[in-house]
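Next comes data_3.cif, a file with mmCIF, N, CA and C atoms.
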data_coords
loop_
_atom_site.label_atom_id
_atom_site.label_comp_id
_atom_site.auth_asym_id
_atom_site.auth_seq_id
_atom_site.Cartn_x
_atom_site.Cartn_y
_atom_site.Cartn_z
N MET U 112 -16.56 13.25 -70.43
CA MET U 112 -17.83 13.38 -69.77
C MET U 112 -18.14 14.87 -69.65
N SER U 113 -19.38 15.23 -69.94
CA SER U 113 -19.75 16.64 -69.89
C SER U 113 -19.84 17.13 -68.44
N GLU U 114 -19.80 18.43 -68.29
CA GLU U 114 -19.91 19.05 -66.96
C GLU U 114 -21.24 18.68 -66.30
N LYS U 115 -22.31 18.70 -67.08
CA LYS U 115 -23.64 18.37 -66.56
C LYS U 115 -23.67 16.92 -66.07
N THR U 116 -23.07 16.02 -66.83
CA THR U 116 -23.04 14.61 -66.46
C THR U 116 -22.26 14.42 -65.15
N MET U 117 -21.15 15.13 -65.02
CA MET U 117 -20.36 15.02 -63.79
C MET U 117 -21.15 15.55 -62.59
N GLN U 118 -21.88 16.65 -62.78
CA GLN U 118 -22.69 17.19 -61.70
C GLN U 118 -23.78 16.20 -61.28
N ILE U 119 -24.41 15.58 -62.25
CA ILE U 119 -25.45 14.59 -61.95
C ILE U 119 -24.85 13.42 -61.18
N ALA U 120 -23.70 12.92 -61.64
CA ALA U 120 -23.05 11.80 -60.96
C ALA U 120 -22.68 12.17 -59.53
N GLU U 121 -22.18 13.37 -59.32
CA GLU U 121 -21.82 13.81 -57.96
C GLU U 121 -23.06 13.89 -57.07
N MET U 122 -24.16 14.40 -57.60
CA MET U 122 -25.39 14.50 -56.80
C MET U 122 -25.93 13.11 -56.46
N ILE U 123 -25.92 12.21 -57.42
CA ILE U 123 -26.41 10.86 -57.17
C ILE U 123 -25.53 10.16 -56.15
N ASP U 124 -24.22 10.40 -56.21
CA ASP U 124 -23.28 9.78 -55.28
C ASP U 124 -23.54 10.22 -53.84
N MET U 125 -24.14 11.38 -53.63
CA MET U 125 -24.44 11.87 -52.29
C MET U 125 -25.66 11.19 -51.67
N LEU U 126 -26.48 10.57 -52.50
CA LEU U 126 -27.71 9.96 -52.01
C LEU U 126 -27.46 8.64 -51.31
N PRO U 127 -28.38 8.25 -50.43
CA PRO U 127 -28.30 6.90 -49.85
C PRO U 127 -28.46 5.86 -50.96
N GLU U 128 -27.98 4.65 -50.72
CA GLU U 128 -27.95 3.62 -51.76
C GLU U 128 -29.33 3.37 -52.36
N GLN U 129 -30.36 3.30 -51.54
CA GLN U 129 -31.70 3.03 -52.04
C GLN U 129 -32.16 4.14 -52.99
N ASP U 130 -31.84 5.38 -52.67
CA ASP U 130 -32.20 6.49 -53.55
C ASP U 130 -31.35 6.51 -54.82
N GLN U 131 -30.11 6.03 -54.72
CA GLN U 131 -29.27 5.90 -55.91
C GLN U 131 -29.90 4.91 -56.89
N ILE U 132 -30.44 3.83 -56.36
CA ILE U 132 -31.10 2.83 -57.20
C ILE U 132 -32.32 3.45 -57.87
N LEU U 133 -33.07 4.22 -57.12
CA LEU U 133 -34.25 4.90 -57.67
C LEU U 133 -33.85 5.86 -58.78
N ALA U 134 -32.80 6.65 -58.56
CA ALA U 134 -32.32 7.59 -59.58
C ALA U 134 -31.85 6.83 -60.82
N PHE U 135 -31.13 5.73 -60.63
CA PHE U 135 -30.68 4.91 -61.76
C PHE U 135 -31.86 4.40 -62.57
N ASP U 136 -32.87 3.88 -61.87
CA ASP U 136 -34.04 3.36 -62.57
C ASP U 136 -34.77 4.45 -63.34
N LEU U 137 -34.84 5.65 -62.79
CA LEU U 137 -35.48 6.77 -63.48
C LEU U 137 -34.70 7.14 -64.74
N ILE U 138 -33.38 7.24 -64.62
CA ILE U 138 -32.55 7.58 -65.78
C ILE U 138 -32.67 6.50 -66.85
N LYS U 139 -32.65 5.24 -66.43
CA LYS U 139 -32.79 4.14 -67.37
C LYS U 139 -34.12 4.22 -68.10
N LYS U 140 -35.19 4.53 -67.37
CA LYS U 140 -36.52 4.65 -67.97
C LYS U 140 -36.54 5.78 -68.99
N LEU U 141 -35.90 6.90 -68.68
CA LEU U 141 -35.85 8.03 -69.61
C LEU U 141 -35.08 7.66 -70.88
N VAL U 142 -33.95 6.98 -70.72
CA VAL U 142 -33.15 6.58 -71.88
C VAL U 142 -33.92 5.60 -72.75
N LEU U 143 -34.57 4.63 -72.13
CA LEU U 143 -35.34 3.66 -72.90
C LEU U 143 -36.52 4.30 -73.61
N ALA U 144 -37.13 5.31 -73.00
CA ALA U 144 -38.23 6.02 -73.67
C ALA U 144 -37.70 6.80 -74.86
N TRP U 145 -36.50 7.32 -74.74
CA TRP U 145 -35.89 8.08 -75.83
C TRP U 145 -35.43 7.15 -76.95
N ASP U 146 -34.91 5.98 -76.59
CA ASP U 146 -34.36 5.06 -77.57
C ASP U 146 -34.49 3.63 -77.05
N PRO U 147 -35.63 2.98 -77.30
CA PRO U 147 -35.87 1.65 -76.73
C PRO U 147 -34.87 0.58 -77.16
N ASP U 148 -34.24 0.74 -78.29
CA ASP U 148 -33.30 -0.27 -78.77
C ASP U 148 -31.85 0.17 -78.65
N PHE U 149 -31.60 1.32 -78.02
CA PHE U 149 -30.25 1.88 -77.90
C PHE U 149 -29.58 2.00 -79.28
N THR U 150 -30.34 2.48 -80.26
CA THR U 150 -29.79 2.60 -81.61
C THR U 150 -29.44 4.03 -81.98
N LYS U 151 -29.93 5.00 -81.22
CA LYS U 151 -29.59 6.39 -81.51
C LYS U 151 -28.19 6.69 -80.99
N VAL U 152 -27.56 7.67 -81.58
CA VAL U 152 -26.26 8.10 -81.09
C VAL U 152 -26.36 9.55 -80.63
N THR U 153 -25.55 9.87 -79.65
CA THR U 153 -25.49 11.24 -79.17
C THR U 153 -24.68 12.07 -80.14
N PRO U 154 -24.75 13.40 -80.05
CA PRO U 154 -23.91 14.23 -80.92
C PRO U 154 -22.43 13.90 -80.79
N GLN U 155 -21.96 13.60 -79.59
CA GLN U 155 -20.56 13.25 -79.39
C GLN U 155 -20.23 11.93 -80.08
N GLU U 156 -21.13 10.95 -79.96
CA GLU U 156 -20.90 9.67 -80.62
C GLU U 156 -20.92 9.83 -82.13
N ARG U 157 -21.83 10.64 -82.67
CA ARG U 157 -21.91 10.88 -84.11
C ARG U 157 -20.59 11.48 -84.61
N LYS U 158 -20.06 12.46 -83.87
CA LYS U 158 -18.80 13.10 -84.26
C LYS U 158 -17.66 12.07 -84.26
N ALA U 159 -17.61 11.23 -83.22
CA ALA U 159 -16.55 10.22 -83.14
C ALA U 159 -16.67 9.22 -84.28
N LEU U 160 -17.89 8.82 -84.63
CA LEU U 160 -18.08 7.90 -85.75
C LEU U 160 -17.64 8.52 -87.07
N GLU U 161 -18.02 9.78 -87.27
CA GLU U 161 -17.63 10.46 -88.51
C GLU U 161 -16.12 10.61 -88.61
N GLU U 162 -15.46 10.91 -87.49
CA GLU U 162 -14.00 11.04 -87.50
C GLU U 162 -13.35 9.69 -87.78
N ALA U 163 -13.90 8.63 -87.21
CA ALA U 163 -13.34 7.30 -87.44
C ALA U 163 -13.52 6.88 -88.89
N GLU U 164 -14.67 7.19 -89.47
CA GLU U 164 -14.93 6.82 -90.86
C GLU U 164 -14.03 7.59 -91.82
N ALA U 165 -13.61 8.78 -91.43
CA ALA U 165 -12.74 9.59 -92.29
C ALA U 165 -11.27 9.15 -92.18
N ASP U 166 -10.95 8.36 -91.17
CA ASP U 166 -9.58 7.89 -90.95
C ASP U 166 -9.23 6.82 -91.98
N PRO U 167 -8.17 7.01 -92.77
CA PRO U 167 -7.82 6.03 -93.79
C PRO U 167 -7.38 4.68 -93.20
N GLU U 168 -7.05 4.64 -91.92
CA GLU U 168 -6.65 3.40 -91.28
C GLU U 168 -7.86 2.55 -90.89
N VAL U 169 -9.06 3.14 -90.94
CA VAL U 169 -10.27 2.45 -90.54
C VAL U 169 -11.07 2.12 -91.80
N PHE U 170 -11.52 0.88 -91.90
CA PHE U 170 -12.34 0.49 -93.04
C PHE U 170 -13.41 -0.48 -92.58
N SER U 171 -14.46 -0.59 -93.37
CA SER U 171 -15.59 -1.43 -92.96
C SER U 171 -15.26 -2.90 -93.14
N ASP U 172 -15.97 -3.72 -92.42
CA ASP U 172 -15.76 -5.17 -92.54
C ASP U 172 -16.18 -5.67 -93.92
N GLU U 173 -17.03 -4.92 -94.62
CA GLU U 173 -17.45 -5.29 -95.97
C GLU U 173 -16.28 -5.19 -96.95
N ALA U 174 -15.29 -4.38 -96.63
CA ALA U 174 -14.15 -4.21 -97.52
C ALA U 174 -13.13 -5.34 -97.36
N ILE U 175 -13.33 -6.20 -96.38
CA ILE U 175 -12.38 -7.29 -96.11
C ILE U 175 -12.84 -8.55 -96.82
N ASP U 176 -11.92 -9.20 -97.50
CA ASP U 176 -12.19 -10.51 -98.11
C ASP U 176 -11.95 -11.56 -97.03
N TRP U 177 -12.99 -12.04 -96.43
CA TRP U 177 -12.88 -12.98 -95.31
C TRP U 177 -12.61 -14.40 -95.77
N ASN U 178 -12.58 -14.64 -97.08
CA ASN U 178 -12.34 -16.01 -97.58
C ASN U 178 -10.90 -16.28 -97.81
#
For this file, write the structure as structure tokens.
Amino acid sequence: MSEKTMQIAEMIDMLPEQDQILAFDLIKKLVLAWDPDFTKVTPQERKALEEAEADPEVFSDEAIDWN
């Protein structure tokens, strides 16, 4: 988790429960506006995917003969 994310979580944790819900709803709205189908990946996720794809132990399901 990034430093900024930890700071945000700590600040939200200090709020009363009703305000925490409001903050959650705002963040959710921002994420959905950025990616309505949750199909985009963050730079960290992209790096992890690329590293996994480069790993010889990892292969796609298309490479498996399921029959």
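Among U:Ala120, U:Ala174, U:Met125, U:Val152, the residue with the shortest atom-to-atom distance to Ile138 (chain U), counting only C-alpha atoms, is U:Ala120.
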Run DSSP on the backbone and give me the residues of chain U it puts in alpha helix (DSSP H), as number ranges by chain.
U: 114-125, 128-145, 154-165
Straight-line distance linking CA of Ile119 (chain U) with CA of Thr153 (chain U), stated in Å to one decimal
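Interatomic distance, CA of Ile119 (chain U) to CA of Thr153 (chain U): 17.5 Å.
Pairwise distance (CA of Lys115 (chain U), atom N of Lys151 (chain U)) equals 20.8 Å.
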For CA of Glu121 (chain U) and CA of Lys139 (chain U), quote the distance in Å rounded to one decimal.
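Result for CA of Glu121 (chain U) versus CA of Lys139 (chain U): 17.4 Å, one decimal.
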